[in-house]
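Have a look at the structure below before the remarks.
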Protein chains: 2
Amino acid sequence: MTEETDLRRKVLNASLALIEAGGLDRLSMREAARKAGVSHQAPYHHFGDRGAILAAIATEGFGMLQQELTRSLDKHAASQRSALAAVARTYVDFALRHPGHFRVMFRSDAVPIENYPEALENADAAFGALVQAIDRSFAGEPPEARRNLAFACWAFTHGLATLLLDGLLARRSGTPKGRQSELADKVIKSFVAQFTADETRLDRKGRSRHSG
Amino acid sequence: MTEETDLRRKVLNASLALIEAGGLDRLSMREAARKAGVSHQAPYHHFGDRGAILAAIATEGFGMLQQELTRSLDKHAASQRSALAAVARTYVDFALRHPGHFRVMFRSDAVPIENYPEALENADAAFGALVQAIDRSFAGEPPEARRNLAFACWAFTHGLATLLLDGLLARRSGTPKGRQSELADKVIKSFVAQFTADETRLDRKGRSRHSG
DNA sequence: GAAGTCGACTTGACAGTGTCAAGTGGTTCG
DNA sequence: CGAACCACTTGACACTGTCAAGTCGACTTC
């Protein structure tokens with residue numbers, strides 16, 4: 001599917017560098033071209049317009065996220081707790097390690113991904129994997145309740161990643177930027193422990209509701 | 001504080017209309033001026049540059065959010081559950097009813113709010129009210145645990161609002177846009193019930209988890 | 001091997017943008 | 001009366017995305 005031309009990759013990388021350096025508005029077709037050492041029109045040969053660059057980044061990002069999620073879930077599918085924690089950890093890590101991709105992926109107002117089927121496919125695959133994994137870990141509940149719980153976990157995870165990326169959590173907690181990852185860990189642990197409290201309860205009562 | 005000149009308000013409203021119609025990129029100084037019926041330079045008399053318009057919108061948004069949060073908390077401070085649900089409901093409602101403000105408030109890459117003390121103040125006030133209210137509702141826990149739980153709830157709430165606003169939850173669940181508010185209600189109820197499960201345990205010792 | 005086609009790229013032009021600089025007209029005040 | 005100030009306008013600049021028209025080398029095809 002992606003038979004990466006040289007220039008195509010270069011433009012994508014240059015765009016990501018620009019976005020990570022100065023936000024999404026910093027990305028300009030011409031500066032990306034300049035950074036890649038070609039004329040201002042060269043990128044148009046690979047991307048129909050500016051939106052197409054962003055859509056390509058989003059597509060790539062969703063693909064990467066899905067890979068990382070499934071890989072991590074394969075390792076931690078043992079229990080409800082570890083599956084939940086693994087999803088959150090992976091999601092947050094992804095956001096912190098690929099801020100450029102993450103920003104683009106969730107800027108639906110600036111990136112018209114609905115016009116790019118491949119982007120939608122990848123997004124659906126990533127979120128599908130995520131929601132299904134969580135959903136499975138609430139196996140004892142009726143379907144709709146499970147779905148809602150899965151959505152709640154997704155919301156938590158997504159919100160945590162977003163707040164961290166925007167530095168809002170660090171600001172409120174006085175955590176330096178370098179320690180954001182540790183902060184995320186603590187919050188995730190608290191969340192998982194609290195959110196799966198009745199698993200503990202049931203386990204103790206001996207009426208183990210097995211999951212995963 | 002805000003001795004609203006006519007034109008200042010007009011420009012702000014025009015900007016919000018543009019943002020809500022076509023995303024943050026759609027806002028241009030000149031189009032806002034045009035929409036307000038003045039010359040392209042008139043807005044500069046009230047806002048130093050484009051960033052200042054966005055910062056003003058963010059400032060206003062944080063102020064509104066804080067008001068709505070404290071008002072809603074006054075009403076539902078009775079129990080842990082209702083406080084938690086009230087915060088989430090109010091936050092999500094705010095996002096859905098003021099999408100323009102919300103988008104600007106959390107676009108830290110495009111809006112340099114760190115240069116606008118009033119915006120920071122309002123943001124801190126809003127988040128402070130939110131986190132404290134949640135924090136208080138976990139009164140039984142040690143301070144750091146409480147803080148982490150409060151952050152977790154904030155993350156959930158923020159994530160839910162964001163996913164709804166971007167239409168991602170609606171897309172995954174097949175919910176039509178008009179019913180997003182109901183969907184939010186269900187997810188919030190599920191979350192609160194699950195997250196405060198041990199309160200239930202203490203209250204009733206039984207299992208009355210409700211979802212749907 | 002000449003002629004034609006095609007793809008990757010360049011050059012040139014246009015309207016639209018943010019923003020600096022300078023001008024205009026009305027109100028206020030000494 | 002005039003000067004100062006204010007809210008605004010007009011004009012200009014470099015920059016942007018994107019359309020249109022080249023250039024130029026590799027590849028087919030006769």
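Chain identifiers are assigned as A, B, and so on, following the order in which chains appear in the structure tokens; residues are numbered from 1 within each chain, and ligands are numbered from 1 in order of appearance.
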
- Can you check which residues of chain A have any atom within 8 Å of chain B? Use only C-alpha atoms and format it as number ranges by chain. A: 22-25, 106-110, 124, 144-145, 148-149, 151-160, 162-163, 166, 169, 172, 186-188, 190-191, 194-198

Would you mind exporting N, CA and C atoms of the selected residues as a tab-separated table (two decimals), in the first residue's frame?
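What follows is the written file out-v6.tsv:
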chain	number	residue	atom	x	y	z
A	22	GLY	N	6.44	23.56	16.44
A	22	GLY	CA	5.65	24.76	16.68
A	22	GLY	C	4.16	24.60	16.47
A	23	GLY	N	3.65	23.41	16.70
A	23	GLY	CA	2.21	23.23	16.57
A	23	GLY	C	1.77	23.07	15.13
A	24	LEU	N	0.50	22.72	15.00
A	24	LEU	CA	-0.01	22.36	13.70
A	24	LEU	C	-0.03	23.53	12.73
A	25	ASP	N	-0.18	24.73	13.25
A	25	ASP	CA	-0.24	25.89	12.37
A	25	ASP	C	1.11	26.18	11.73
A	106	PHE	N	-6.00	13.77	16.14
A	106	PHE	CA	-7.21	14.19	16.85
A	106	PHE	C	-7.56	15.64	16.63
A	107	ARG	N	-7.17	16.17	15.50
A	107	ARG	CA	-7.57	17.52	15.14
A	107	ARG	C	-8.61	17.44	14.04
A	108	SER	N	-9.75	16.88	14.40
A	108	SER	CA	-10.73	16.59	13.35
A	108	SER	C	-11.18	17.86	12.64
A	109	ASP	N	-11.05	19.00	13.28
A	109	ASP	CA	-11.49	20.22	12.61
A	109	ASP	C	-10.51	20.67	11.55
A	110	ALA	N	-9.24	20.30	11.70
A	110	ALA	CA	-8.24	20.74	10.74
A	110	ALA	C	-7.89	19.66	9.73
A	124	ASP	N	-10.46	3.15	12.66
A	124	ASP	CA	-11.43	2.16	13.14
A	124	ASP	C	-10.72	0.92	13.67
A	144	GLU	N	-24.51	-4.00	26.73
A	144	GLU	CA	-24.52	-2.54	26.66
A	144	GLU	C	-23.72	-1.94	27.80
A	145	ALA	N	-23.81	-2.52	28.97
A	145	ALA	CA	-23.03	-2.03	30.09
A	145	ALA	C	-21.53	-2.14	29.78
A	148	ASN	N	-20.47	0.59	27.48
A	148	ASN	CA	-20.34	1.88	28.15
A	148	ASN	C	-19.10	1.94	29.03
A	149	LEU	N	-18.80	0.86	29.68
A	149	LEU	CA	-17.59	0.82	30.50
A	149	LEU	C	-16.35	0.94	29.63
A	151	PHE	N	-16.18	2.44	26.76
A	151	PHE	CA	-16.10	3.84	26.33
A	151	PHE	C	-15.53	4.70	27.44
A	152	ALA	N	-15.96	4.42	28.67
A	152	ALA	CA	-15.46	5.21	29.80
A	152	ALA	C	-13.95	5.07	29.93
A	153	CYS	N	-13.46	3.85	29.77
A	153	CYS	CA	-12.01	3.64	29.87
A	153	CYS	C	-11.28	4.34	28.73
A	154	TRP	N	-11.85	4.25	27.57
A	154	TRP	CA	-11.25	4.94	26.42
A	154	TRP	C	-11.19	6.44	26.70
A	155	ALA	N	-12.28	6.96	27.21
A	155	ALA	CA	-12.32	8.40	27.51
A	155	ALA	C	-11.24	8.76	28.52
A	156	PHE	N	-11.13	7.96	29.56
A	156	PHE	CA	-10.08	8.22	30.56
A	156	PHE	C	-8.71	8.24	29.91
A	157	THR	N	-8.44	7.21	29.15
A	157	THR	CA	-7.15	7.08	28.51
A	157	THR	C	-6.84	8.23	27.57
A	158	HIS	N	-7.82	8.53	26.76
A	158	HIS	CA	-7.64	9.60	25.79
A	158	HIS	C	-7.47	10.95	26.50
A	159	GLY	N	-8.29	11.16	27.51
A	159	GLY	CA	-8.19	12.40	28.26
A	159	GLY	C	-6.85	12.55	28.94
A	160	LEU	N	-6.37	11.48	29.50
A	160	LEU	CA	-5.08	11.53	30.18
A	160	LEU	C	-3.98	11.90	29.18
A	162	THR	N	-4.26	13.48	26.39
A	162	THR	CA	-4.45	14.85	25.93
A	162	THR	C	-3.99	15.86	26.98
A	163	LEU	N	-4.41	15.65	28.21
A	163	LEU	CA	-4.04	16.59	29.27
A	163	LEU	C	-2.53	16.61	29.47
A	166	ASP	N	-0.82	18.46	26.56
A	166	ASP	CA	-1.00	19.91	26.65
A	166	ASP	C	-0.35	20.49	27.89
A	169	LEU	N	-1.84	18.70	33.14
A	169	LEU	CA	-1.68	17.93	34.35
A	169	LEU	C	-0.37	18.30	35.05
A	172	ARG	N	-0.85	21.61	36.84
A	172	ARG	CA	-1.63	21.56	38.07
A	172	ARG	C	-0.92	20.81	39.19
A	186	LYS	N	1.26	6.82	37.85
A	186	LYS	CA	0.53	6.85	39.12
A	186	LYS	C	-0.97	7.01	38.88
A	187	VAL	N	-1.31	7.92	37.99
A	187	VAL	CA	-2.73	8.15	37.73
A	187	VAL	C	-3.38	6.91	37.15
A	188	ILE	N	-2.67	6.26	36.23
A	188	ILE	CA	-3.23	5.04	35.64
A	188	ILE	C	-3.44	3.97	36.70
A	190	SER	N	-3.89	4.35	39.90
A	190	SER	CA	-5.03	4.72	40.73
A	190	SER	C	-6.33	4.39	40.02
A	191	PHE	N	-6.39	4.79	38.77
A	191	PHE	CA	-7.62	4.57	38.01
A	191	PHE	C	-7.95	3.08	37.93
A	194	GLN	N	-9.11	1.58	41.21
A	194	GLN	CA	-10.44	2.02	41.61
A	194	GLN	C	-11.52	1.45	40.68
A	195	PHE	N	-11.17	1.43	39.39
A	195	PHE	CA	-12.18	1.05	38.41
A	195	PHE	C	-12.46	-0.45	38.44
A	196	THR	N	-11.52	-1.21	38.94
A	196	THR	CA	-11.72	-2.66	39.00
A	196	THR	C	-11.85	-3.11	40.44
A	197	ALA	N	-12.37	-2.22	41.26
A	197	ALA	CA	-12.45	-2.51	42.70
A	197	ALA	C	-13.30	-3.74	42.98
A	198	ASP	N	-14.38	-3.91	42.23
A	198	ASP	CA	-15.26	-5.03	42.56
A	198	ASP	C	-14.71	-6.35	42.07

Set out as a tab-separated table a contact list for chain D and region 14-27 of chain C with a cut-off of 12 Å, giving each residue of chain D that qualifies its closest atom pair and distance in Å to one decimal, counting only C-alpha atoms (C1' of nucleotides), ordered by chain and rising residue number.
residue	atom	partner	partner_atom	distance
D:DA4	C1'	C:DT27	C1'	10.6
D:DC5	C1'	C:DT27	C1'	8.7
D:DC6	C1'	C:DT27	C1'	8.2
D:DA7	C1'	C:DG26	C1'	9.3
D:DC8	C1'	C:DT24	C1'	8.5
D:DT9	C1'	C:DT24	C1'	7.2
D:DT10	C1'	C:DG23	C1'	7.3
D:DG11	C1'	C:DA22	C1'	8.3
D:DA12	C1'	C:DA21	C1'	8.4
D:DC13	C1'	C:DC20	C1'	8.3
D:DA14	C1'	C:DG18	C1'	9.8
D:DC15	C1'	C:DT17	C1'	7.9
D:DT16	C1'	C:DT17	C1'	6.8
D:DG17	C1'	C:DG16	C1'	8.9
D:DT18	C1'	C:DC14	C1'	9.0
D:DC19	C1'	C:DC14	C1'	8.4
D:DA20	C1'	C:DC14	C1'	10.6

Selected residues written out with C-alpha atoms (C1' of nucleotides), as a PDB file, in the first residue's frame:
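The resulting again_22.pdb:
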ATOM      1  C1'  DA D   4      -3.891  65.596  22.066  1.00  0.00           C
ATOM      2  C1'  DC D   5      -6.066  61.437  21.864  1.00  0.00           C
ATOM      3  C1'  DC D   6      -9.066  57.750  20.102  1.00  0.00           C
ATOM      4  C1'  DA D   7     -11.220  54.387  17.042  1.00  0.00           C
ATOM      5  C1'  DC D   8     -10.700  53.448  12.914  1.00  0.00           C
ATOM      6  C1'  DT D   9      -9.087  53.289   7.638  1.00  0.00           C
ATOM      7  C1'  DT D  10      -5.825  52.862   3.720  1.00  0.00           C
ATOM      8  C1'  DG D  11      -1.676  51.152   1.938  1.00  0.00           C
ATOM      9  C1'  DA D  12       2.128  48.173   1.697  1.00  0.00           C
ATOM     10  C1'  DC D  13       5.055  43.964   2.592  1.00  0.00           C
ATOM     11  C1'  DA D  14       6.353  39.186   2.874  1.00  0.00           C
ATOM     12  C1'  DC D  15       4.238  35.024   3.269  1.00  0.00           C
ATOM     13  C1'  DT D  16       0.808  31.320   2.316  1.00  0.00           C
ATOM     14  C1'  DG D  17      -2.030  27.494  -0.635  1.00  0.00           C
ATOM     15  C1'  DT D  18      -2.911  26.340  -5.090  1.00  0.00           C
ATOM     16  C1'  DC D  19      -3.778  26.613 -10.319  1.00  0.00           C
ATOM     17  C1'  DA D  20      -1.272  26.606 -14.879  1.00  0.00           C
TER      18       DA D  20
END

Can you write out as JSON lines which residues of chain A fall within 12 Å of chain D, alongside each residue's closest atom pair and its distance in Å to one decimal, counting only C-alpha atoms (C1' of nucleotides) and ordering rows by chain and ascending residue number?
{"residue": "A:Asp25", "atom": "CA", "partner": "D:DT16", "partner_atom": "C1'", "distance": 11.5}
{"residue": "A:Arg26", "atom": "CA", "partner": "D:DT16", "partner_atom": "C1'", "distance": 11.2}
{"residue": "A:Leu27", "atom": "CA", "partner": "D:DT16", "partner_atom": "C1'", "distance": 10.7}
{"residue": "A:Ser28", "atom": "CA", "partner": "D:DT16", "partner_atom": "C1'", "distance": 7.5}
{"residue": "A:Met29", "atom": "CA", "partner": "D:DG17", "partner_atom": "C1'", "distance": 7.5}
{"residue": "A:Arg30", "atom": "CA", "partner": "D:DT16", "partner_atom": "C1'", "distance": 7.9}
{"residue": "A:Glu31", "atom": "CA", "partner": "D:DT16", "partner_atom": "C1'", "distance": 9.9}
{"residue": "A:His40", "atom": "CA", "partner": "D:DG17", "partner_atom": "C1'", "distance": 10.2}
{"residue": "A:Gln41", "atom": "CA", "partner": "D:DT18", "partner_atom": "C1'", "distance": 9.0}
{"residue": "A:Pro43", "atom": "CA", "partner": "D:DT18", "partner_atom": "C1'", "distance": 11.7}
{"residue": "A:Tyr44", "atom": "CA", "partner": "D:DT18", "partner_atom": "C1'", "distance": 9.2}
{"residue": "A:Gly48", "atom": "CA", "partner": "D:DT18", "partner_atom": "C1'", "distance": 9.8}
{"residue": "A:Asp49", "atom": "CA", "partner": "D:DT18", "partner_atom": "C1'", "distance": 8.0}
{"residue": "A:Arg50", "atom": "CA", "partner": "D:DG17", "partner_atom": "C1'", "distance": 7.7}
{"residue": "A:Gly51", "atom": "CA", "partner": "D:DG17", "partner_atom": "C1'", "distance": 10.7}

Write the residues you've just listed into a file as a PDB file, in the first residue's frame, and include N, CA and C atoms for each of them.
ATOM      1  N   ASP A  25      -0.181  24.729  13.248  1.00  0.00           N
ATOM      2  CA  ASP A  25      -0.237  25.891  12.365  1.00  0.00           C
ATOM      3  C   ASP A  25       1.112  26.185  11.728  1.00  0.00           C
ATOM      4  N   ARG A  26       2.139  25.679  12.357  1.00  0.00           N
ATOM      5  CA  ARG A  26       3.468  25.955  11.839  1.00  0.00           C
ATOM      6  C   ARG A  26       3.727  25.244  10.516  1.00  0.00           C
ATOM      7  N   LEU A  27       3.008  24.156  10.297  1.00  0.00           N
ATOM      8  CA  LEU A  27       3.213  23.400   9.066  1.00  0.00           C
ATOM      9  C   LEU A  27       2.738  24.198   7.862  1.00  0.00           C
ATOM     10  N   SER A  28       3.656  24.523   6.997  1.00  0.00           N
ATOM     11  CA  SER A  28       3.251  25.127   5.735  1.00  0.00           C
ATOM     12  C   SER A  28       3.848  24.298   4.615  1.00  0.00           C
ATOM     13  N   MET A  29       3.050  24.108   3.596  1.00  0.00           N
ATOM     14  CA  MET A  29       3.477  23.401   2.399  1.00  0.00           C
ATOM     15  C   MET A  29       4.868  23.865   1.971  1.00  0.00           C
ATOM     16  N   ARG A  30       5.028  25.143   1.923  1.00  0.00           N
ATOM     17  CA  ARG A  30       6.258  25.689   1.373  1.00  0.00           C
ATOM     18  C   ARG A  30       7.450  25.452   2.285  1.00  0.00           C
ATOM     19  N   GLU A  31       7.225  25.553   3.587  1.00  0.00           N
ATOM     20  CA  GLU A  31       8.356  25.345   4.483  1.00  0.00           C
ATOM     21  C   GLU A  31       8.749  23.870   4.499  1.00  0.00           C
ATOM     22  N   HIS A  40       8.668  24.639  -4.156  1.00  0.00           N
ATOM     23  CA  HIS A  40       7.455  24.740  -3.342  1.00  0.00           C
ATOM     24  C   HIS A  40       6.298  23.920  -3.899  1.00  0.00           C
ATOM     25  N   GLN A  41       6.407  23.488  -5.118  1.00  0.00           N
ATOM     26  CA  GLN A  41       5.308  22.733  -5.721  1.00  0.00           C
ATOM     27  C   GLN A  41       5.537  21.215  -5.707  1.00  0.00           C
ATOM     28  N   PRO A  43       5.835  18.938  -3.405  1.00  0.00           N
ATOM     29  CA  PRO A  43       4.972  18.084  -2.576  1.00  0.00           C
ATOM     30  C   PRO A  43       3.616  17.801  -3.218  1.00  0.00           C
ATOM     31  N   TYR A  44       3.152  18.696  -4.059  1.00  0.00           N
ATOM     32  CA  TYR A  44       1.831  18.502  -4.656  1.00  0.00           C
ATOM     33  C   TYR A  44       1.781  17.285  -5.561  1.00  0.00           C
ATOM     34  N   GLY A  48      -2.286  15.756  -2.756  1.00  0.00           N
ATOM     35  CA  GLY A  48      -3.162  16.663  -3.501  1.00  0.00           C
ATOM     36  C   GLY A  48      -3.214  18.063  -2.935  1.00  0.00           C
ATOM     37  N   ASP A  49      -3.262  18.169  -1.631  1.00  0.00           N
ATOM     38  CA  ASP A  49      -3.253  19.486  -1.013  1.00  0.00           C
ATOM     39  C   ASP A  49      -2.755  19.364   0.422  1.00  0.00           C
ATOM     40  N   ARG A  50      -2.797  20.447   1.132  1.00  0.00           N
ATOM     41  CA  ARG A  50      -2.271  20.458   2.497  1.00  0.00           C
ATOM     42  C   ARG A  50      -2.986  19.426   3.367  1.00  0.00           C
ATOM     43  N   GLY A  51      -4.302  19.360   3.207  1.00  0.00           N
ATOM     44  CA  GLY A  51      -5.065  18.384   3.981  1.00  0.00           C
ATOM     45  C   GLY A  51      -4.582  16.960   3.757  1.00  0.00           C
TER      46      GLY A  51
END

- Taking every C-alpha atom in sequence order, what RMSD separates chain B from chain A after the best least-squares fit?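 It is 3.3 Å.
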
- Task: Could you check how far CA of Arg81 (chain B) sits from CA of Ser137 (chain A), in Å to one decimal?
- Result: 23.8 Å

- Message: Please extract the residues of region 20-60 of chain A with a backbone DSSP assignment of alpha helix (DSSP H) and present them as a list in words.
- Response: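 Taking region 20-60 of chain A and keeping alpha helix (DSSP H) only, one gets Glu20, Ala21, Gly22, Met29, Arg30, Glu31, Ala32, Ala33, Arg34, Lys35, Ala36, Arg50, Gly51, Ala52, Ile53, Leu54, Ala55, Ala56, Ile57, Ala58, Thr59 and Glu60 of chain A.
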
- Would you kindly report the residues of chain A within 8 Å of chain C, using only C-alpha atoms (C1' of nucleotides), as a list of chain:residue names?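 Close enough to count are A:Ser39, A:Gln41, A:Ala42, A:His45.
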
Write the residues of the selection above to a file with N, CA and C atoms, as a short mmCIF file (atom, residue, chain, number, x, y, z; two decimals), in the first residue's frame.
data_model
loop_
_atom_site.label_atom_id
_atom_site.label_comp_id
_atom_site.auth_asym_id
_atom_site.auth_seq_id
_atom_site.Cartn_x
_atom_site.Cartn_y
_atom_site.Cartn_z
N SER A 39 11.40 22.30 -4.66
CA SER A 39 10.63 23.50 -4.97
C SER A 39 9.30 23.48 -4.23
N GLN A 41 6.41 23.49 -5.12
CA GLN A 41 5.31 22.73 -5.72
C GLN A 41 5.54 21.22 -5.71
N ALA A 42 6.74 20.81 -5.41
CA ALA A 42 7.06 19.39 -5.49
C ALA A 42 6.14 18.52 -4.63
N HIS A 45 2.94 16.82 -5.92
CA HIS A 45 2.94 15.64 -6.77
C HIS A 45 2.61 14.39 -5.96
#

- Message: Quick check, in Å to one decimal: how far apart do CA of Gly178 (chain A) and CA of Asn115 (chain B) lie?
- Response: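 Between CA of Gly178 (chain A) and CA of Asn115 (chain B) the gap works out to 22.0 Å.
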
- Message: Taking 4 positions as the minimum chain separation for residues in the same chain, which residues sit within 9 Å of Leu54 (chain A) when counting only C-alpha atoms (C1' of nucleotides)? Answer as a ChimeraX atom specification.
- Response: /A:12,15,50,58-59,104-105,110-113

- Separating CA of Ala129 (chain B) from CA of Thr90 (chain B), to the nearest tenth of an Å, is a gap of 12.6 Å

- Have a look at B:Lys75, B:His98, B:Ala85, B:His46 and name the one nearest to Thr5 (chain B); count only C-alpha atoms.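 Among the listed residues, B:His46 lies closest to Thr5 (chain B).
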